[in-house]
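Structure first, then comments.
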Amino acid sequence: MKIGILGAGAWGTALAILSKKAGNQVTLWSYDGTVKNFDGIKKQTKLNITKNISDLSDMEAWLVVTPAAYFRETIRKSAKFYKRKPIIICTKGIEPKTNKFMSEILNEEIPNCKDFGVLSGPQFAAEVANDIPTGSTLAGTKNTLIVGRQILKGMYLEESNDIIGAEICGVGKNAVALISGYTSIKALGENEKALLFTRAWNEVVDFGLANGAKIRSFLGLCGIGDLFLSATSKTSRNYSAGLSLANKQPVNGTVEGISALNGLIFRSKKLKVSMPVLKELKLKMGI
C-alpha cells in the first residue's frame, strides 16, 4: 500500500519505519524536511521524505502523527488533498485552546472523512523503530481496521470500534502520568502514591463512560497498558514533566499531559463528572 504519514517527529518516523518494513510504500511529510534520528537506523535511505503535503494526495491511507497543538493546522493544510482515504489518528492529546479531541477536529476540518480511527497504546517510539515487541489498540471503522492491519504489520493490534474510548484513554493517561511523576516526589509515602494514582484513573474512567466509551477500552492496551508504560517510566515525557514540576524545575518540550489535565477538568464540568483529585493536583502543580 501507498501510505502517507503526516508528522516526522519520533513517533511519526518510528511508524514510517515500521510500515516500510511491512512492505508498504511510505511517504513521510515533515514541515521542515527533517526527521527524527534513531541510533543505528539509516532511515533516510529507506523513507521518501517530503515537505509538500500535496505529495500525499495519492496515498491509500494517512497516519496523522503531529502534536495535539498542531493537529488542526496540519489537517487544515492537508484537507484539499484528501481523497476519501482512511485516516488513522496517532496523536494522543487534546487541543489546548479549544479542549477538543483530535477526532472532533478531524470532523470539523474534513467533514467528508467517514473512514477513520485512533491508534493508541503503550508505545515508546525508539523501541518501535528498533523492532522491540509492541502492542496497541486500533479503534475505528471496519475499513480502517482492515487497512491498519496492512500498515502496522509487526505490531500486535487489539482491534476495537470504540474510537472515543481509545481517544480518552490516550488523553487520560497523559494526565495521570504527569500526576504520577509529581506524586512520586510529593506524596508522603508509597500508600499515598497508589491512592492518588488509582483515584485519578478512576476519574478518567468515569469521564470516559460519561462520553459513551466502553469500559473494556480502559482495561486494554490503550488503557491500562499505556497507563502502566507512561506513569511508571522516566522515559515518559509526561512522567518526567511531573518530576520537574515537583522539583520546581522548568518543563521542557511538548508535554501533552498539561493540556490533557486542563482539558479533562474543563470538559468534566459540562458532563457533571466529579474530578476532585485531578483538580487538587492541578492546583498543587500550578498549571
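Ligands are numbered from 1 in the order shown, chains are lettered A, B, ... in the order of the C-alpha cells, and residues start at 1 in each chain.
Near Asn202 of chain A, within 12 Å and counting only C-alpha atoms, sit Cys169, Gly172, Lys173, Val176, Leu195, Leu196, Phe197, Thr198, Arg199, Val205, Asp206, Phe207, Gly208, Leu209, Ile215, Phe218, Leu219, Gly223, Ile224, Val273, Ser274, Met275, Pro276, Val277 and Leu278 of chain A; same-chain residues fewer than 3 positions away were not included.
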Alpha helix (DSSP H) per DSSP on the backbone: members of segment 130-240 of chain A, as number ranges by chain: A: 142-151, 163-186, 190-210, 226-230, 237-240
If you take only C-alpha atoms and a cut-off of 10 Å, which residues of segment 140-159 of chain A touch segment 90-114 of chain A, and what are their nearest atom pairs and distances in Å to one decimal, in chain and number order, as a tab-separated table?
```
residue	atom	partner	partner_atom	distance
A:Thr141	CA	A:Lys114	CA	8.3
A:Asn143	CA	A:Lys114	CA	9.9
A:Thr144	CA	A:Lys114	CA	9.7
```
Okay, now the selection with all heavy atoms, as a CSV table (one decimal), in the first residue's frame?
```csv
chain,number,residue,atom,x,y,z
A,141,THR,N,-13.4,2.4,12.1
A,141,THR,CA,-14.4,1.8,11.2
A,141,THR,C,-13.9,0.4,10.7
A,141,THR,O,-12.6,0.2,10.8
A,141,THR,CB,-14.7,2.7,10.1
A,141,THR,OG1,-13.5,2.9,9.3
A,141,THR,CG2,-15.3,4.0,10.6
A,143,ASN,N,-13.4,-0.6,7.7
A,143,ASN,CA,-12.4,-0.5,6.6
A,143,ASN,C,-11.0,0.0,7.2
A,143,ASN,O,-10.0,-0.4,6.7
A,143,ASN,CB,-12.9,0.5,5.5
A,143,ASN,CG,-12.0,0.5,4.3
A,143,ASN,OD1,-11.5,-0.5,3.8
A,143,ASN,ND2,-11.6,1.7,3.9
A,144,THR,N,-11.1,0.9,8.2
A,144,THR,CA,-9.9,1.4,8.8
A,144,THR,C,-9.1,0.3,9.5
A,144,THR,O,-7.9,0.2,9.4
A,144,THR,CB,-10.2,2.5,9.8
A,144,THR,OG1,-10.9,3.6,9.1
A,144,THR,CG2,-8.9,3.1,10.4
```
Of the candidates A:Gly9, A:Gly263, A:Pro250, A:Gly135, which one gets nearest to Val171 of chain A if we count only C-alpha atoms? A:Gly263
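Nearest residue to Ser120 of chain A, choosing from A:Leu15, A:Val26, A:Ala69, A:Ala139 and counting only C-alpha atoms: A:Ala139.
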Closest atom pairs, segment 76-169 of chain A residues within 6 Å of segment 61-66 of chain A, only C-alpha atoms, as a Markdown table:
```
| residue | atom | partner | partner_atom | distance |
| --- | --- | --- | --- | --- |
| A:Lys85 | CA | A:Ala61 | CA | 5.3 |
| A:Pro86 | CA | A:Ala61 | CA | 5.0 |
| A:Ile87 | CA | A:Trp62 | CA | 4.8 |
| A:Ile88 | CA | A:Leu63 | CA | 4.8 |
| A:Ile89 | CA | A:Val64 | CA | 5.1 |
| A:Cys90 | CA | A:Val65 | CA | 5.0 |
| A:Thr91 | CA | A:Val65 | CA | 5.2 |
```
For the residues in the current selection, export N, CA and C atoms as a compact mmCIF listing (two decimals), in the first residue's frame.
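Dumped everything to selection00.txt:
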```
# COMPACT_ATOMS: atom_id res chain seq x y z
N LYS A 85 -9.83 8.70 1.76
CA LYS A 85 -9.00 7.58 2.18
C LYS A 85 -9.10 7.43 3.69
N PRO A 86 -8.83 6.25 4.22
CA PRO A 86 -8.85 6.10 5.68
C PRO A 86 -7.78 6.96 6.34
N ILE A 87 -8.12 7.54 7.47
CA ILE A 87 -7.18 8.33 8.26
C ILE A 87 -7.08 7.71 9.65
N ILE A 88 -5.86 7.44 10.08
CA ILE A 88 -5.63 6.92 11.43
C ILE A 88 -4.98 8.02 12.26
N ILE A 89 -5.66 8.42 13.33
CA ILE A 89 -5.14 9.44 14.23
C ILE A 89 -4.17 8.76 15.20
N CYS A 90 -2.92 9.21 15.18
CA CYS A 90 -1.89 8.63 16.06
C CYS A 90 -1.43 9.64 17.11
N THR A 91 -2.15 10.75 17.21
CA THR A 91 -1.86 11.79 18.19
C THR A 91 -2.67 11.53 19.44
```
Could you pull the residues within 9 Å of Phe124 of chain A, counting only C-alpha atoms, minus those fewer than 5 positions along the same chain, as an NGL selection string? :A and (10-11 or 129 or 134 or 229 or 235-236)
Need the shell around Thr232 of chain A: protein/DNA/RNA residues with any atom at most 12 Å away, counting only C-alpha atoms. Skip same-chain ones fewer than 4 positions apart. Format as number ranges by chain? A: 122, 173-174, 176-184, 193-194, 197, 224-228, 236-240, 242-243
At a cut-off of 10 Å, using only C-alpha atoms, what residues contact Ile3 of chain A? Leave out same-chain residues fewer than 4 positions from it and give the result as a VMD selection string. chain A and resid 16 19 to 20 24 to 28 56 58 to 63 151
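Minimum atom-to-atom distance to Leu119 of chain A, evaluated using only C-alpha atoms, belongs to A:Glu167 out of A:Lys269, A:Glu167, A:Lys153, A:Ile132.
Taking atom CA of Arg216 of chain A as the reference point, atom CA of Phe116 of chain A is found at 20.2 Å.
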Can you list, as a PyMOL selection string, every residue of segment 8-165 of chain A that DSSP puts in strand (DSSP E)? chain A and resi 25-29+48-50+61-64+87-89+116-120+135-140+156-160
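Nearest-residue note for Ser57 of chain A: choosing from A:Ile5, A:Ile185, A:Ala125, A:Leu157, the minimum distance belongs to A:Ile5, counting only C-alpha atoms.
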